[in-house]
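Participant: Below you will find the structure I want to go over with you.
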Amino acid sequence: MPSVALTINGRSYSVSCGAGEEERLRRLASYIDQKATQISGDLGQIGEARVILMAGLLIADELASAFEEIARLKRAAEGQNSVQDSLGRELDLVAQRVETIAARLEQP
């Protein structure tokens, strides 16, 4: 199992991961490090555990917002599908009426 050296908030960590996951793990750690650096810059040195905790909370907040946006977009798409279904049914009714009229016109 590969091991990756990660640096977060100035500290190095060795983390095991699955084969082929190294680069993704580095990107994720880099994102956490950016948040930790932001917090340290905003609040000063408040202790490693608190910085990591605050970074985790910021990331969890971003993730929750993303999930909420996905849910909103799904609801909007479902509503759009409902409108499209209604329009499809209306078009079918109009087509049936046109066929009925055409059939009547063809009768002697």
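Ordering of the structure tokens sets the chain letters (A, B, ...), residue numbers begin anew at 1 in every chain, and ligands are numbered from 1 in the order given.
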Neighbouring residues of segment 15-31 of chain A were defined as those with any atom within 6 Å, considering only C-alpha atoms; residues of the same chain fewer than 3 positions away were excluded. Please report them as a ChimeraX atom specification.
Facilitator: /A:1-4,34
Participant: Which value, in Å to one decimal, gives the distance between atom CA of Ile59 of chain A and atom CA of Lys35 of chain A?
Facilitator: 7.9 Å
Participant: Can you work out which one of A:Gly10, A:Ala36, A:Glu78, A:Val94 has the shortest atom-to-atom distance to Leu58 of chain A, counting only C-alpha atoms?
Facilitator: A:Ala36
Participant: Quote the spacing between atom CA of Met54 of chain A and atom CA of Ile39 of chain A in Å to one decimal place.
Facilitator: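 For atom CA of Met54 of chain A relative to atom CA of Ile39 of chain A, the distance reads 7.3 Å.
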Participant: Between atom CA of Leu43 of chain A and atom CA of Ala55 of chain A, what is the distance in Å, rounded to a tenth?
Facilitator: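 Separating atom CA of Leu43 of chain A from atom CA of Ala55 of chain A is a distance of 12.0 Å.
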Participant: My list of candidates is A:Leu63, A:Val98, A:Ile32, A:Ile46. Which is closest to Thr7 of chain A when distances are computed with only C-alpha atoms?
Facilitator: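 Among the listed residues, the smallest separation from Thr7 of chain A belongs to A:Ile32.
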Participant: So which bits of chain A end up alpha helix (DSSP H) when you DSSP the backbone, as a PyMOL selection string?
Facilitator: chain A and resi 22-43+48-106
Participant: Just want the 10 Å neighbourhood of Arg11 of chain A, counted on only C-alpha atoms, with same-chain residues fewer than 3 positions away dropped. Output as a PyMOL selection string.
Facilitator: chain A and resi 6-8+33+48
Participant: Could you save those same residues with all heavy atoms as a short mmCIF file (atom, residue, chain, number, x, y, z; two decimals), in the first residue's frame?
Facilitator:
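See selection-v7.cif below for the written result:
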data_model
loop_
_atom_site.label_atom_id
_atom_site.label_comp_id
_atom_site.auth_asym_id
_atom_site.auth_seq_id
_atom_site.Cartn_x
_atom_site.Cartn_y
_atom_site.Cartn_z
N LEU A 6 2.32 14.24 3.38
CA LEU A 6 1.48 15.42 3.23
C LEU A 6 1.90 16.48 4.24
O LEU A 6 2.30 16.15 5.35
CB LEU A 6 0.01 15.05 3.48
CG LEU A 6 -0.55 13.88 2.68
CD1 LEU A 6 -1.94 13.54 3.16
CD2 LEU A 6 -0.54 14.20 1.20
N THR A 7 1.79 17.73 3.84
CA THR A 7 2.08 18.82 4.76
C THR A 7 0.83 19.66 4.92
O THR A 7 0.28 20.17 3.94
CB THR A 7 3.24 19.70 4.25
OG1 THR A 7 4.39 18.86 4.06
CG2 THR A 7 3.57 20.81 5.23
N ILE A 8 0.39 19.79 6.17
CA ILE A 8 -0.79 20.60 6.49
C ILE A 8 -0.43 21.50 7.65
O ILE A 8 0.02 21.02 8.70
CB ILE A 8 -2.01 19.71 6.83
CG1 ILE A 8 -2.37 18.86 5.61
CG2 ILE A 8 -3.20 20.56 7.27
CD1 ILE A 8 -3.46 17.85 5.86
N ASP A 33 -4.75 22.26 3.58
CA ASP A 33 -3.66 23.16 3.97
C ASP A 33 -4.00 24.61 3.65
O ASP A 33 -3.72 25.52 4.45
CB ASP A 33 -2.35 22.75 3.28
CG ASP A 33 -1.18 23.60 3.73
OD1 ASP A 33 -0.96 23.72 4.96
OD2 ASP A 33 -0.47 24.14 2.86
N GLU A 48 -2.65 23.85 16.75
CA GLU A 48 -2.81 22.98 15.58
C GLU A 48 -4.17 22.29 15.55
O GLU A 48 -4.85 22.28 14.51
CB GLU A 48 -1.70 21.93 15.58
CG GLU A 48 -1.80 20.98 14.41
CD GLU A 48 -0.72 19.92 14.45
OE1 GLU A 48 0.12 19.93 15.36
OE2 GLU A 48 -0.76 19.07 13.56
#
